[in-house]
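Data file: upload.txt. Format and content: compact mmCIF, N, CA and C atoms.
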```
# COMPACT_ATOMS: atom_id res chain seq x y z
N MET L 1 0.85 -1.18 0.00
CA MET L 1 0.00 0.00 0.00
C MET L 1 0.89 1.24 0.00
N ILE L 2 0.57 2.17 -0.85
CA ILE L 2 1.33 3.41 -0.92
C ILE L 2 0.49 4.51 -0.28
N ILE L 3 1.01 5.11 0.77
CA ILE L 3 0.26 6.18 1.43
C ILE L 3 1.17 7.36 1.69
N CYS L 4 0.57 8.52 1.92
CA CYS L 4 1.37 9.70 2.22
C CYS L 4 1.75 9.70 3.70
N GLN L 5 2.76 10.47 4.03
CA GLN L 5 3.25 10.47 5.40
C GLN L 5 2.21 10.99 6.39
N TYR L 6 1.28 11.81 5.90
CA TYR L 6 0.23 12.34 6.79
C TYR L 6 -0.73 11.23 7.21
N CYS L 7 -1.11 10.39 6.25
CA CYS L 7 -1.97 9.26 6.59
C CYS L 7 -1.23 8.26 7.46
N LEU L 8 0.07 8.09 7.20
CA LEU L 8 0.87 7.18 8.01
C LEU L 8 0.86 7.62 9.47
N GLN L 9 1.01 8.92 9.69
CA GLN L 9 0.98 9.45 11.05
C GLN L 9 -0.39 9.22 11.69
N GLU L 10 -1.44 9.40 10.90
CA GLU L 10 -2.80 9.19 11.39
C GLU L 10 -3.01 7.74 11.83
N ILE L 11 -2.56 6.82 10.99
CA ILE L 11 -2.70 5.39 11.29
C ILE L 11 -1.91 5.04 12.56
N GLU L 12 -0.68 5.54 12.65
CA GLU L 12 0.14 5.23 13.82
C GLU L 12 -0.42 5.87 15.08
N SER L 13 -1.07 7.03 14.93
CA SER L 13 -1.63 7.69 16.12
C SER L 13 -2.79 6.89 16.71
N ARG L 14 -3.37 6.02 15.90
CA ARG L 14 -4.43 5.13 16.39
C ARG L 14 -3.87 3.91 17.09
N GLY L 15 -2.55 3.81 17.09
CA GLY L 15 -1.91 2.68 17.76
C GLY L 15 -1.74 1.46 16.87
N GLU L 16 -2.03 1.62 15.59
CA GLU L 16 -1.84 0.49 14.68
C GLU L 16 -0.37 0.43 14.27
N HIS L 17 0.12 -0.78 14.12
CA HIS L 17 1.52 -0.96 13.76
C HIS L 17 1.63 -1.27 12.28
N VAL L 18 2.46 -0.53 11.60
CA VAL L 18 2.70 -0.77 10.18
C VAL L 18 4.20 -0.84 9.95
N PHE L 19 4.58 -1.58 8.94
CA PHE L 19 5.98 -1.66 8.55
C PHE L 19 6.16 -0.74 7.36
N GLU L 20 7.07 0.21 7.49
CA GLU L 20 7.31 1.18 6.43
C GLU L 20 8.49 0.71 5.59
N THR L 21 8.36 0.81 4.28
CA THR L 21 9.45 0.44 3.39
C THR L 21 9.72 1.60 2.44
N GLU L 22 10.80 1.50 1.72
CA GLU L 22 11.11 2.53 0.73
C GLU L 22 10.08 2.47 -0.39
N VAL L 23 9.75 3.62 -0.92
CA VAL L 23 8.80 3.66 -2.03
C VAL L 23 9.50 3.14 -3.28
N ASN L 24 8.84 2.22 -3.94
CA ASN L 24 9.38 1.61 -5.14
C ASN L 24 9.50 2.66 -6.25
N ASP L 25 10.58 2.60 -6.99
CA ASP L 25 10.81 3.58 -8.06
C ASP L 25 9.79 3.48 -9.19
N ASN L 26 9.16 2.34 -9.33
CA ASN L 26 8.25 2.19 -10.47
C ASN L 26 6.78 2.42 -10.11
N ILE L 27 6.53 3.17 -9.04
CA ILE L 27 5.13 3.51 -8.76
C ILE L 27 4.65 4.51 -9.80
N GLU L 28 3.35 4.49 -10.03
CA GLU L 28 2.77 5.37 -11.04
C GLU L 28 2.74 6.80 -10.50
N THR L 29 3.27 7.72 -11.28
CA THR L 29 3.27 9.11 -10.85
C THR L 29 2.60 9.99 -11.90
N VAL L 30 2.15 11.14 -11.45
CA VAL L 30 1.63 12.17 -12.34
C VAL L 30 2.35 13.46 -11.98
N THR L 31 2.49 14.34 -12.96
CA THR L 31 3.17 15.60 -12.69
C THR L 31 2.12 16.68 -12.43
N ILE L 32 2.20 17.27 -11.25
CA ILE L 32 1.30 18.35 -10.85
C ILE L 32 2.17 19.51 -10.41
N ASP L 33 1.98 20.67 -11.03
CA ASP L 33 2.80 21.84 -10.71
C ASP L 33 4.29 21.52 -10.76
N ASN L 34 4.69 20.83 -11.83
CA ASN L 34 6.10 20.46 -12.04
C ASN L 34 6.67 19.57 -10.95
N GLU L 35 5.82 18.85 -10.26
CA GLU L 35 6.28 17.96 -9.19
C GLU L 35 5.71 16.57 -9.43
N ASP L 36 6.55 15.55 -9.28
CA ASP L 36 6.07 14.18 -9.42
C ASP L 36 5.24 13.82 -8.21
N CYS L 37 4.00 13.42 -8.46
CA CYS L 37 3.09 13.07 -7.37
C CYS L 37 2.56 11.66 -7.58
N ALA L 38 2.13 11.06 -6.48
CA ALA L 38 1.55 9.73 -6.54
C ALA L 38 0.24 9.74 -5.76
N LEU L 39 -0.63 8.82 -6.11
CA LEU L 39 -1.94 8.74 -5.46
C LEU L 39 -1.83 7.98 -4.14
N CYS L 40 -2.29 8.61 -3.09
CA CYS L 40 -2.32 7.95 -1.79
C CYS L 40 -3.49 6.97 -1.76
N ASP L 41 -3.21 5.72 -1.37
CA ASP L 41 -4.27 4.70 -1.32
C ASP L 41 -5.26 4.97 -0.18
N TRP L 42 -4.86 5.78 0.77
CA TRP L 42 -5.69 6.01 1.95
C TRP L 42 -6.65 7.19 1.75
N CYS L 43 -6.08 8.37 1.45
CA CYS L 43 -6.93 9.57 1.34
C CYS L 43 -7.32 9.89 -0.11
N LYS L 44 -6.77 9.14 -1.06
CA LYS L 44 -7.08 9.31 -2.49
C LYS L 44 -6.71 10.70 -3.01
N GLU L 45 -5.68 11.29 -2.41
CA GLU L 45 -5.17 12.58 -2.87
C GLU L 45 -3.83 12.34 -3.56
N PHE L 46 -3.49 13.24 -4.47
CA PHE L 46 -2.17 13.18 -5.08
C PHE L 46 -1.20 13.96 -4.21
N VAL L 47 -0.14 13.30 -3.81
CA VAL L 47 0.84 13.86 -2.88
C VAL L 47 2.22 13.74 -3.53
N PRO L 48 3.10 14.74 -3.33
CA PRO L 48 4.45 14.63 -3.90
C PRO L 48 5.12 13.31 -3.49
N VAL L 49 5.81 12.71 -4.44
CA VAL L 49 6.42 11.41 -4.21
C VAL L 49 7.36 11.43 -3.00
N ASP L 50 8.02 12.55 -2.76
CA ASP L 50 8.93 12.66 -1.61
C ASP L 50 8.21 12.42 -0.29
N GLU L 51 6.91 12.65 -0.27
CA GLU L 51 6.14 12.51 0.96
C GLU L 51 5.37 11.19 1.02
N MET L 52 5.60 10.33 0.03
CA MET L 52 4.90 9.06 0.02
C MET L 52 5.70 8.01 0.78
N ARG L 53 4.99 7.07 1.36
CA ARG L 53 5.61 5.95 2.05
C ARG L 53 4.92 4.69 1.58
N GLU L 54 5.69 3.63 1.48
CA GLU L 54 5.09 2.34 1.16
C GLU L 54 5.04 1.55 2.46
N ILE L 55 3.90 0.97 2.76
CA ILE L 55 3.78 0.24 4.01
C ILE L 55 3.29 -1.17 3.77
N ILE L 56 3.69 -2.02 4.67
CA ILE L 56 3.19 -3.39 4.72
C ILE L 56 2.41 -3.48 6.02
N GLU L 57 1.14 -3.78 5.92
CA GLU L 57 0.32 -3.81 7.13
C GLU L 57 0.72 -4.98 8.02
N ALA L 58 0.77 -4.70 9.30
CA ALA L 58 1.17 -5.73 10.26
C ALA L 58 0.06 -6.76 10.43
```
Taking this structure as input, can you express it in the form of structure tokens?
Amino acid sequence: MIICQYCLQEIESRGEHVFETEVNDNIETVTIDNEDCALCDWCKEFVPVDEMREIIEA
């Protein structure tokens, strides 16, 4: 699952444990305002790739 760091913080604040991994280079991106963005699976927003995290649910 690819999610943004904001959703990751939200999930962890609920006490859920997730394993964070590096974001794979071949994730689908779109360019918005000259920035590579990816779709967050959680909030369904496009977020800059730098702020994306890939997680494996515990």
task = May I ask which of the residues L:Asn26, L:Arg14, L:Ile32, L:Cys40 is the closest one to Ile55 (chain L), counting only C-alpha atoms?
result = L:Cys40
ask   = Any idea what's packed within 6 Å of Glu54 (chain L), counting all atoms listed in the file, ignoring anything in its chain fewer than 4 positions away? Could you give it as a PyMOL selection string?
value = chain L and resi 1-3+19-23
request  = Find the distance between atom N of Glu10 (chain L) and atom N of Thr31 (chain L) and write it in Å to one decimal.
outcome  =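 Value for the atom N of Glu10 (chain L)-atom N of Thr31 (chain L) distance: 24.7 Å.
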query = Which of these, L:Glu12, L:Trp42, L:Asp50, L:Ile56, has the shortest distance to Thr29 (chain L) once you count only C-alpha atoms?
reply =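 Going through L:Glu12, L:Trp42, L:Asp50, L:Ile56 one by one, the smallest distance to Thr29 (chain L) is for L:Asp50.
When CA of Glu16 (chain L) is paired with atom C of Cys43 (chain L), their separation reads 18.4 Å.
CA of Met52 (chain L) is found 8.8 Å from atom N of Asn24 (chain L).
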